[in-house]
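This report refers to the structure that appears directly beneath it.
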Amino acid sequence: MAAMSAMSTPAISPTIVVVGHGMVGQRFLEALADRGVTERARIVVLCEEPRAAYDRVKLTSYFSGNTPDDLSMVEDGFMEKHGIELHLDDPAVSVDTAARTVVSRAGVTIAYDTLVLATGSYPFVPPVPGKDAEGCFVYRTIEDLLAIEEYAKTSRVGAVVGGGLLGLEAAGALKGLGLETHIVEFAPRLMPVQVDEGGGAALLRTIENMGLSVHTGVGTQEVVAGETGAVTGMALSDGSVLPTDMVVFSAGVRPRDQLAREAGLAVGERGGIVVDEQCRTSDPAVFAIGECALASDGRVYGLVAPGYEMAETAAAALEGEVRSFTGADLSTKLKLLGVDVASFGDAHGTAEGCLDVVYSDSRAGLYKKLVIGTDGTLLGGILVGDAEQYGTLRAFTGSKPPVSAEQLVLPAGAGAPVALGPAALPDEAVVCSCHNVTKGTIRGAVNDHQCTTVPEVKKCTKAGTGCGSCVKVLGQLVNAELEASGVEVDKGLCACFGQTRQELYEIVRALRITSYQQLLDHHGRKAARGGNGCEVCKPTVGSIIASLAPTIGASGYVLEGEQAALQDTNDHFLANMQKNGSYSIVPRIPGGEITPEKLIVIGEVARDFGLYTKITGGQRIDLFGARVDQLPQIWGRLVDAGFESGHAYGKALRTVKSCVGQTWCRYGVQDSVRMAIDLELRYRGLRSPHKLKSAVSGCQRECAEAQSKDFGVIATANGWNLYVGGNGGATPRHADLLAQDLSDGELIRLIDRFLMFYIRTADRLERTSTWLERIEGGLDHVRDVVVEDSLGICAELESLMADHVAGYRDEWAETLDDPERLMRFVSFVNAPDVPDPTVRFVPERDQVKPDLPLLSIRPLDEALEGSAAR
Amino acid sequence: MTIAPEKTDVQLEIKIGDDWLAVCPLSRLVPGRGVAALLPGGRQAALFLDRDGRPYAIDNRDPFGGAQVLSRGLIGTAAGRHFVASPLLKQRFDLETGACLDDEEVSVTAYEVRLY
Ligand code: SRM
Ligand SMILES: Cc1cc2nc3c(=O)[nH]c(=O)nc-3n(C[C@H](O)[C@H](O)[C@H](O)COP(=O)(O)OP(=O)(O)OC[C@H]3O[C@@H](n4cnc5c(N)ncnc54)[C@H](O)[C@@H]3O)c2cc1C
Ligand code: SF4
Ligand code: FES
């Protein structure tokens, strides 16, 4: 075998075999494609898993709705385009370095010129008795997750062994699956590698508050199985037994070096395939990259960014380029169970003579530590609970920040620290550590390569295309750079309007504009005038006109004239479109209170039309599966029985939930049901920048969950407390107390003002929670405006609301009275009596569900091929 | 504001093979919105009028979700191209060519239409 000199002679490699198609393996293929190697060489990939590379870092997002396809890292057609042979479900079982061949499990022998091992890691399972019992899992692949999900269906309690990064992710997943969840960690704190004692305490507090049970400082001694062989509990080192139905091991990972070991390649004492700075193993024809490699600095890197760096290095080495991997930054920022955790640089303060600056508030789950060198250089740090500053601080690592360290860790508001923006960073500061991109390079992209948006800068510099944690700082830098060079940063609503939603609202209100086209032709961007607008600004303007309708003299009816053309499809048909083009129907049930008679009507309608029926999360009932042509008939019956539109389709008031309150509940101090009904009837139909939700609880026990609502009301002995800016959904936020002990009249007046102020100043699709966090001055400013009337606009806000209340009409009743409008409710304009044959249903659990396979059939009739002749 | 010609007997016609198929009177369409039409053989077309009263027709099936709903999307103009945004996941389709503006590899059939 001819030894190759690693750096000088370009190794032209007719056949490259890659073993392992994980994140790093895929990155290596992309690096080859970028360099055009794929055109010159035959490339064969052996992939053990039944699917091509996917984003393991985002694995847990499977449980929040990402499908395996969403997680895929391989662009459609990538393999075909570059002629790469990918063998799924066929791992390599042996390598013969002398003959330069690899044998796969399917028995295929492939000769290689260059072999690249990218076999990753395997989850380490401590050798405790019972570890193989039914109900024991690891957390590494999509297949693992599918198995966990399935088993959890019949489990009540789950335990995770290991309280590190992956353990917390796994625990979050079990909790999300509805299990009572325990975390068992041998070390005295959670995430022992990333955070120190103080950070661990803050993390513990937050995680326990979420309802997870944490057991630190105890080891797992045995997994106890019952007669059937299935897990029933875990014996812990403190002598206790933790009853559990399933166990997920997450006690660290070990490099998968067995293949290399058996082939006689050098491996480290504690595992990992030994490689040099070019990622070559002890056999120069073999490379190892990613988590399976023991890098030249003696470390195995368990993070994806260093793996990517190795992939680039190995690809470069194949082309004779000089590039080396000598070690990587272990900075990480994670969101675990909704808690921000970040560590960067010398987080544990190992440098000689270094000092710590710590801010800690374990009640709020906050912990921030900076490690400072003797000369004031920032060496590293740990952030728990709030990692806003991560991007900036990481970039400052190694230099002296322009302000004192104390100011950097104090929370906003305490001691008024300066906001240290990325503008203060030196040019050589690394902003994106995944791709090693400095601030100077980003500035160059804007100034020399005419990039004006973050996506353009990403494309140009690759910054932000790895873990994504730097994207926020990237955005700030791009905007700062554009502003500095005199380019005005476009804050416009869309390609049609240069104004923000708030500015458009003011224009419509001041000039009493009641037509979208008028607004577009006079106030739109030049290029957009006279055009058809777009799907962003049409509904936005439609909503502004609807909220201001009585005041500017427009019709409040959303299907009137031009208004009809502006509405999103849901508003246009006054119902919510579902997957297969059918609609759902949600009648208003104010406060969740409903008479038996009305319940019977809903039941009869659902039965007669074969609708799938479900109680919603908003204390009302949703009827699914109506064809567009059935909507008027169904609503006809509902309106006759006294129901109104529930606006489930609109950016409008949804529901005001209530608890049973004083009338029945032994704790209640006010009539929460009556108040909820009053509020729901007052604000029904109010169009706003995003949907509005509310709730009223009869006492501090808060059974109606008012503090998660846009405006929530909780009864007190003296009246009502008003909370605002709460949110459930993807980014939950607890509402803030706006005012206390209000009378009925005071409460309603304050809500009137609050809602109208929000409608006036919020951006498109901005809930009250994000609005409150965004607007300057935050809650204090809002309180000044709506309680103290600091802007002198309260009278006007109240009168706008009074106009709305007086002008309210039920949209469905109005539509049913209008034969011309009703003509729109047909499947086909040329065959009004024919129902859409693709809207079909199949049975499920005694009801129906959409027949989705039907939708994947494409009607193909050659004779009918259209003539796309224009 | 431009309104489509108010001649009630004007029909919207769509070209299928070599024949023109009358779909409906022009007055059934609201400028800026669409309607669905059933074609012989079971295919469905989505017909639209833009604000100037110009008609368009493309296939009604959203190729991403499979449902026959493109006729219920909002239309708009971007960089001079008129499009409809699918009501399901908002991908945009060129009303003249049927090409998806958000995914080069996807397109739907576009039909010739006329007012007759
Ligand atoms: C039907 C329902 C689920 C259920 O079966 O229980 C539901 C269904 C939908 N929700 Fe919801 N949400 C429902 C209660 C909730 C709740 C719980 C609640 O209201 O108490 C929440 C969290 C609370 C909150 O909003 O703060 C909720 C947070 C969301 C979000 C995330 C909002 C956010 O601010 O993060 C969306 C997405 C959005 O609006 O952009 C969403 C969007 C949707 C959409 C509109 C998604 C869509 O575009 O298809 C669903 C339409 C339903 C339909 O076609 O009828 N839904 N959704 C619930 C209807 C309540 C009602 O009676 O009106
Ligand atoms: C839940 C979870 C969360 C994570 N979060 C983060 C994070 O936030 N940040 C971060 O930086 N990192 C994170 N990681 C780590 C990150 O996923 C890994 O660093 C990265 O996947 C390593 O890539 P790799 O290609 O080296 O290994 P892998 O992605 O594991 O790929 C190796 C592949 O090789 C296959 N293979 C093994 N042996 C053979 C063989 N003999 N033949 C064929 N194929 C074989 C394996 O089946 C596997 O598909 C996380 C990991 C997990 C599991
Ligand atoms: S919030 Fe209070 S009054 Fe209402 S149901 Fe709960 S305990 Fe009873
Ligand atoms: S730091 Fe990971 S993408 Fe920039």
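In the structure tokens, the first chain shown is A, the next is B, and so on; residue numbers restart at 1 for each chain, and ligands run from 1 in the order shown.
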**OP:** Provide as JSON, numbers by chain the residues of chain B at most 9 Å from chain A, counting only C-alpha atoms.
**Re:** {"B": [1, 15, 16, 17, 18, 22, 23, 24, 28, 30, 31, 32, 33, 35, 36, 37, 38, 39, 40, 41, 42, 43, 44, 50, 51, 52, 58, 59, 61, 63, 65, 66, 67, 68, 69, 72, 73, 74, 75, 76, 77, 78, 79, 80, 82, 83, 84, 85, 87, 88, 90, 96, 97, 98, 109, 110, 111, 112]}
**OP:** Extract, using only C-alpha atoms, all DNA, RNA and protein residues at most 8 Å from Glu644 of chain A, discarding same-chain residues fewer than 5 positions from it, and format them as a ChimeraX atom specification.
**Re:** /A:587-588,638-639,810-813
Enumerate, in order of chain and increasing residue number, the residues of chain A with an atom no farther than 9 Å from ligand 1, each with its shortest atom pair and distance in Å to one decimal, counting only C-alpha atoms and all ligand atoms, as a Markdown table.
```
| residue | atom | partner | partner_atom_place_in_ligand_line | distance |
| --- | --- | --- | --- | --- |
| A:Asn570 | CA | ligand 1 | 54 (O) | 8.9 |
| A:Ala575 | CA | ligand 1 | 55 (O) | 7.5 |
| A:Asn576 | CA | ligand 1 | 54 (O) | 4.3 |
| A:Met577 | CA | ligand 1 | 54 (O) | 5.9 |
| A:Gln578 | CA | ligand 1 | 54 (O) | 5.8 |
| A:Lys579 | CA | ligand 1 | 49 (O) | 8.3 |
| A:Tyr583 | CA | ligand 1 | 54 (O) | 7.0 |
| A:Ser584 | CA | ligand 1 | 55 (O) | 5.0 |
| A:Ile585 | CA | ligand 1 | 55 (O) | 6.5 |
| A:Val586 | CA | ligand 1 | 55 (O) | 6.7 |
| A:Pro587 | CA | ligand 1 | 62 (O) | 8.7 |
| A:Arg588 | CA | ligand 1 | 62 (O) | 8.3 |
| A:Ile589 | CA | ligand 1 | 62 (O) | 8.7 |
| A:Lys614 | CA | ligand 1 | 5 (O) | 6.4 |
| A:Ile615 | CA | ligand 1 | 6 (O) | 6.2 |
| A:Thr616 | CA | ligand 1 | 6 (O) | 3.1 |
| A:Gly617 | CA | ligand 1 | 6 (O) | 3.6 |
| A:Gly618 | CA | ligand 1 | 62 (O) | 3.7 |
| A:Gln619 | CA | ligand 1 | 62 (O) | 5.7 |
| A:Arg620 | CA | ligand 1 | 62 (O) | 4.9 |
| A:Ile621 | CA | ligand 1 | 62 (O) | 6.5 |
| A:Asp622 | CA | ligand 1 | 55 (O) | 6.2 |
| A:Leu623 | CA | ligand 1 | 55 (O) | 7.8 |
| A:Phe624 | CA | ligand 1 | 55 (O) | 7.3 |
| A:Gly646 | CA | ligand 1 | 63 (O) | 7.4 |
| A:His647 | CA | ligand 1 | 63 (O) | 7.9 |
| A:Ala648 | CA | ligand 1 | 63 (O) | 5.2 |
| A:Tyr649 | CA | ligand 1 | 45 (C) | 6.9 |
| A:Gly650 | CA | ligand 1 | 45 (C) | 8.9 |
| A:Lys651 | CA | ligand 1 | 39 (O) | 8.4 |
| A:Arg654 | CA | ligand 1 | 63 (O) | 5.4 |
| A:Thr655 | CA | ligand 1 | 63 (O) | 6.0 |
| A:Val656 | CA | ligand 1 | 19 (O) | 8.8 |
| A:Lys657 | CA | ligand 1 | 20 (O) | 7.6 |
| A:His690 | CA | ligand 1 | 39 (O) | 7.4 |
| A:Lys691 | CA | ligand 1 | 39 (O) | 6.8 |
| A:Leu692 | CA | ligand 1 | 25 (O) | 7.8 |
| A:Lys693 | CA | ligand 1 | 19 (O) | 6.4 |
| A:Ser694 | CA | ligand 1 | 19 (O) | 8.3 |
| A:Ala695 | CA | ligand 1 | 20 (O) | 8.6 |
| A:Ala704 | CA | ligand 1 | 20 (O) | 9.0 |
| A:Glu705 | CA | ligand 1 | 20 (O) | 8.1 |
| A:Ser708 | CA | ligand 1 | 26 (O) | 6.4 |
| A:Lys709 | CA | ligand 1 | 26 (O) | 6.0 |
| A:Asp710 | CA | ligand 1 | 26 (O) | 7.3 |
| A:Gly726 | CA | ligand 1 | 26 (O) | 7.0 |
| A:Asn727 | CA | ligand 1 | 26 (O) | 3.8 |
| A:Gly728 | CA | ligand 1 | 26 (O) | 3.3 |
| A:Gly729 | CA | ligand 1 | 35 (O) | 3.6 |
| A:Ala730 | CA | ligand 1 | 35 (O) | 4.4 |
| A:Thr731 | CA | ligand 1 | 35 (O) | 5.8 |
| A:Pro732 | CA | ligand 1 | 26 (O) | 7.0 |
| A:Arg733 | CA | ligand 1 | 26 (O) | 8.4 |
| A:Leu765 | CA | ligand 1 | 40 (O) | 7.5 |
| A:Glu766 | CA | ligand 1 | 34 (O) | 8.1 |
| A:Arg767 | CA | ligand 1 | 34 (O) | 6.0 |
| A:Thr768 | CA | ligand 1 | 34 (O) | 8.7 |
| A:Ser769 | CA | ligand 1 | 34 (O) | 8.1 |
| A:Thr770 | CA | ligand 1 | 34 (O) | 8.7 |
```
**OP:** With only C-alpha atoms and all ligand atoms counted, collect every polymer residue having an atom within 10 Å of ligand 3; state the result as an MDAnalysis selection string.
**Re:** chainID A and resid 658:673 696:706 714:716
Subject >> Cut-off 7 Å, only C-alpha atoms and all ligand atoms, neighbours of ligand 2 as a PyMOL selection string >> reply: chain A and resi 19-25+46-49+53+56-60+90-93+118-121+139-141+166+169+256+259+289-292+302-305+307+332+334+467
Original post:
ligand 4: which residues are within 10 Å, counting only C-alpha atoms and all ligand atoms, as a count of residues only?
Top reply: 30
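Excluding Leu146 of chain A itself and any same-chain residue fewer than 2 positions from it, the protein and nucleic acid residues within 12 Å of it, counting only C-alpha atoms, are Leu59, Thr60, Tyr62, Phe63, Thr67, Pro68, Phe137, Val138, Tyr139, Arg140, Thr141, Ile142, Glu143, Asp144, Ile148, Glu149, Glu150, Tyr151, Ala152, Lys153, Ala173 and Leu177 of chain A.
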Would you mind listing what lies within 7 Å of segment 193-210 of chain A as a short mmCIF file (atom, residue, chain, number, x, y, z; two decimals) with C-alpha atoms, in the first residue's frame, with only C-alpha atoms counted and same-chain residues fewer than 5 positions away left out?
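Heads up, here's the output in result-v2.cif:
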```cif
data_model
loop_
_atom_site.label_atom_id
_atom_site.label_comp_id
_atom_site.auth_asym_id
_atom_site.auth_seq_id
_atom_site.Cartn_x
_atom_site.Cartn_y
_atom_site.Cartn_z
CA SER A 343 -22.38 27.84 28.14
CA HIS A 348 -16.05 26.33 34.45
CA SER A 362 -33.19 30.98 41.79
CA GLY A 365 -34.88 30.36 37.66
CA LEU A 366 -32.16 32.77 36.52
CA TYR A 367 -28.44 32.22 36.75
CA ILE A 382 -22.91 30.13 31.80
CA VAL A 384 -29.50 29.64 32.64
#
```
If we count only C-alpha atoms, what is near segment 742-753 of chain A at a cut-off of 8 Å, once residues fewer than 2 positions away on the same chain are taken out, given as a PDB file with C-alpha atoms, in the first residue's frame?
```pdb
ATOM      1  CA  LEU A 679     -67.347  39.970  28.247  1.00  0.00           C
ATOM      2  CA  PHE A 711     -56.991  39.402  28.917  1.00  0.00           C
ATOM      3  CA  ASN A 718     -63.349  43.186  46.501  1.00  0.00           C
ATOM      4  CA  GLY A 719     -63.978  42.836  42.776  1.00  0.00           C
ATOM      5  CA  TRP A 720     -61.778  41.762  39.886  1.00  0.00           C
ATOM      6  CA  ASN A 721     -58.089  41.632  39.053  1.00  0.00           C
ATOM      7  CA  LEU A 722     -57.253  42.189  35.392  1.00  0.00           C
ATOM      8  CA  ALA A 739     -54.996  46.529  37.803  1.00  0.00           C
ATOM      9  CA  GLN A 740     -56.538  45.193  41.015  1.00  0.00           C
ATOM     10  CA  LEU A 755     -58.068  46.087  23.497  1.00  0.00           C
ATOM     11  CA  MET A 756     -58.465  49.184  21.363  1.00  0.00           C
ATOM     12  CA  PHE A 757     -54.946  50.326  22.178  1.00  0.00           C
ATOM     13  CA  VAL A 786     -54.831  52.867  29.543  1.00  0.00           C
ATOM     14  CA  VAL A 787     -55.009  53.466  33.295  1.00  0.00           C
ATOM     15  CA  CYS A 794     -58.767  56.955  26.490  1.00  0.00           C
ATOM     16  CA  LEU A 797     -60.500  54.298  22.663  1.00  0.00           C
ATOM     17  CA  GLU A 798     -63.690  53.886  24.648  1.00  0.00           C
ATOM     18  CA  MET A 801     -65.297  50.203  21.428  1.00  0.00           C
TER      19      MET A 801
END
```
Find the spatial neighbours of Phe93 of chain B, counting only C-alpha atoms, within a cut-off of 8 Å - ignore same-chain residues fewer than 6 positions away - and output them as a PDB file with C-alpha atoms, in the first residue's frame.
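What ended up in part36.pdb:
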```
ATOM      1  CA  PHE B  83     -50.817  34.458  -8.456  1.00  0.00           C
ATOM      2  CA  VAL B  84     -53.180  32.650  -6.125  1.00  0.00           C
ATOM      3  CA  ALA B  85     -51.972  31.630  -2.653  1.00  0.00           C
ATOM      4  CA  SER B  86     -53.296  28.219  -1.618  1.00  0.00           C
ATOM      5  CA  ALA B  99     -46.045  27.343 -11.983  1.00  0.00           C
ATOM      6  CA  CYS B 100     -45.578  27.324  -8.233  1.00  0.00           C
ATOM      7  CA  LEU B 101     -43.668  30.455  -7.244  1.00  0.00           C
ATOM      8  CA  ASP B 102     -42.370  28.866  -4.064  1.00  0.00           C
ATOM      9  CA  SER B 107     -46.789  23.276 -11.137  1.00  0.00           C
ATOM     10  CA  VAL B 108     -50.454  22.825 -11.913  1.00  0.00           C
TER      11      VAL B 108
END
```
**OP:** DSSP on the backbone, then: every residue of segment 349-546 of chain A marked helix (DSSP H, G or I), written as a ChimeraX atom specification.
**Re:** /A:390-396,405-409,422-424,439-447,454-461,471-484,501-511,516-523,526-528,537-546
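Using only C-alpha atoms, the contacts of Val247 of chain A at a cut-off of 6 Å, with sequence neighbours closer than 4 positions omitted, comprise A:Cys136, A:Gly158, A:Ala159, A:Val160.
Separating atom CA of Val223 of chain A from atom CA of Ser61 of chain A is a distance of 28.3 Å.
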So which bits of segment 83-114 of chain A end up strand (DSSP E) when you DSSP the backbone, as a short mmCIF file (atom, residue, chain, number, x, y, z; two decimals) with all heavy atoms, in the first residue's frame?
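Generated output (selection.cif):
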```
data_model
loop_
_atom_site.label_atom_id
_atom_site.label_comp_id
_atom_site.auth_asym_id
_atom_site.auth_seq_id
_atom_site.Cartn_x
_atom_site.Cartn_y
_atom_site.Cartn_z
N ILE A 84 -24.92 9.90 -6.28
CA ILE A 84 -24.42 9.20 -5.09
C ILE A 84 -25.26 7.95 -4.85
O ILE A 84 -26.49 8.01 -4.90
CB ILE A 84 -24.47 10.13 -3.87
CG1 ILE A 84 -23.56 11.35 -4.12
CG2 ILE A 84 -24.07 9.38 -2.59
CD1 ILE A 84 -23.69 12.44 -3.09
N GLU A 85 -24.60 6.81 -4.62
CA GLU A 85 -25.34 5.57 -4.36
C GLU A 85 -25.56 5.42 -2.86
O GLU A 85 -24.60 5.25 -2.11
CB GLU A 85 -24.54 4.36 -4.87
CG GLU A 85 -24.26 4.41 -6.35
CD GLU A 85 -23.13 3.46 -6.74
OE1 GLU A 85 -23.07 2.34 -6.21
OE2 GLU A 85 -22.30 3.87 -7.58
N LEU A 86 -26.80 5.52 -2.45
CA LEU A 86 -27.11 5.44 -1.02
C LEU A 86 -27.80 4.12 -0.72
O LEU A 86 -28.82 3.80 -1.33
CB LEU A 86 -28.02 6.62 -0.64
CG LEU A 86 -28.59 6.62 0.78
CD1 LEU A 86 -27.47 6.80 1.80
CD2 LEU A 86 -29.61 7.74 0.94
N HIS A 87 -27.22 3.32 0.17
CA HIS A 87 -27.83 2.05 0.55
C HIS A 87 -28.44 2.19 1.93
O HIS A 87 -27.71 2.23 2.92
CB HIS A 87 -26.79 0.93 0.57
CG HIS A 87 -26.14 0.72 -0.76
ND1 HIS A 87 -26.55 -0.23 -1.65
CD2 HIS A 87 -25.12 1.38 -1.39
CE1 HIS A 87 -25.81 -0.17 -2.75
NE2 HIS A 87 -24.94 0.81 -2.61
N ALA A 92 -22.24 -1.27 7.22
CA ALA A 92 -20.99 -1.97 6.94
C ALA A 92 -20.74 -2.93 8.08
O ALA A 92 -20.93 -2.57 9.24
CB ALA A 92 -19.85 -0.96 6.84
N VAL A 93 -20.30 -4.17 7.77
CA VAL A 93 -20.02 -5.11 8.86
C VAL A 93 -18.53 -5.39 9.01
O VAL A 93 -18.09 -5.82 10.07
CB VAL A 93 -20.81 -6.44 8.73
CG1 VAL A 93 -22.28 -6.21 8.98
CG2 VAL A 93 -20.58 -7.07 7.37
N SER A 94 -17.76 -5.16 7.94
CA SER A 94 -16.32 -5.32 8.12
C SER A 94 -15.56 -4.52 7.08
O SER A 94 -16.08 -4.19 6.01
CB SER A 94 -15.92 -6.80 8.04
OG SER A 94 -16.18 -7.26 6.73
N VAL A 95 -14.32 -4.19 7.45
CA VAL A 95 -13.45 -3.44 6.55
C VAL A 95 -12.14 -4.20 6.45
O VAL A 95 -11.61 -4.66 7.46
CB VAL A 95 -13.17 -2.03 7.13
CG1 VAL A 95 -12.12 -1.31 6.29
CG2 VAL A 95 -14.44 -1.22 7.24
N ASP A 96 -11.65 -4.33 5.22
CA ASP A 96 -10.33 -4.93 5.03
C ASP A 96 -9.43 -3.84 4.48
O ASP A 96 -9.52 -3.47 3.31
CB ASP A 96 -10.45 -6.11 4.06
CG ASP A 96 -9.11 -6.81 3.86
OD1 ASP A 96 -8.06 -6.17 4.14
OD2 ASP A 96 -9.12 -7.97 3.44
N THR A 101 -11.43 -3.01 0.97
CA THR A 101 -12.81 -3.38 0.68
C THR A 101 -13.65 -3.25 1.94
O THR A 101 -13.15 -3.35 3.05
CB THR A 101 -12.94 -4.84 0.19
OG1 THR A 101 -12.30 -5.67 1.14
CG2 THR A 101 -12.34 -5.04 -1.19
N VAL A 102 -14.94 -3.02 1.71
CA VAL A 102 -15.91 -2.96 2.79
C VAL A 102 -16.98 -3.99 2.47
O VAL A 102 -17.38 -4.12 1.31
CB VAL A 102 -16.61 -1.58 2.85
CG1 VAL A 102 -17.58 -1.53 4.01
CG2 VAL A 102 -15.59 -0.48 2.95
N VAL A 103 -17.45 -4.72 3.49
CA VAL A 103 -18.54 -5.65 3.25
C VAL A 103 -19.77 -5.14 4.01
O VAL A 103 -19.68 -4.74 5.16
CB VAL A 103 -18.18 -7.08 3.74
CG1 VAL A 103 -19.34 -8.03 3.51
CG2 VAL A 103 -16.92 -7.55 3.05
N SER A 104 -20.91 -5.15 3.32
CA SER A 104 -22.13 -4.66 3.98
C SER A 104 -22.94 -5.85 4.51
O SER A 104 -22.67 -6.99 4.14
CB SER A 104 -22.98 -3.87 2.99
OG SER A 104 -23.75 -4.75 2.21
N THR A 109 -19.71 -6.57 -1.36
CA THR A 109 -18.34 -6.14 -1.11
C THR A 109 -18.02 -4.96 -2.02
O THR A 109 -18.22 -5.05 -3.24
CB THR A 109 -17.36 -7.29 -1.37
OG1 THR A 109 -17.74 -8.40 -0.56
CG2 THR A 109 -15.93 -6.88 -1.05
N ILE A 110 -17.56 -3.88 -1.44
CA ILE A 110 -17.28 -2.69 -2.25
C ILE A 110 -15.80 -2.33 -2.09
O ILE A 110 -15.31 -2.21 -0.96
CB ILE A 110 -18.13 -1.49 -1.80
CG1 ILE A 110 -19.60 -1.90 -1.70
CG2 ILE A 110 -17.98 -0.32 -2.75
CD1 ILE A 110 -20.39 -1.02 -0.77
N ALA A 111 -15.13 -2.17 -3.21
CA ALA A 111 -13.73 -1.76 -3.15
C ALA A 111 -13.67 -0.24 -3.07
O ALA A 111 -14.44 0.44 -3.73
CB ALA A 111 -13.00 -2.24 -4.40
N THR A 114 -10.88 5.53 -1.11
CA THR A 114 -10.90 6.27 0.14
C THR A 114 -12.13 5.81 0.93
O THR A 114 -13.22 5.68 0.36
CB THR A 114 -11.02 7.79 -0.11
OG1 THR A 114 -9.94 8.19 -0.92
CG2 THR A 114 -10.99 8.56 1.20
#
```
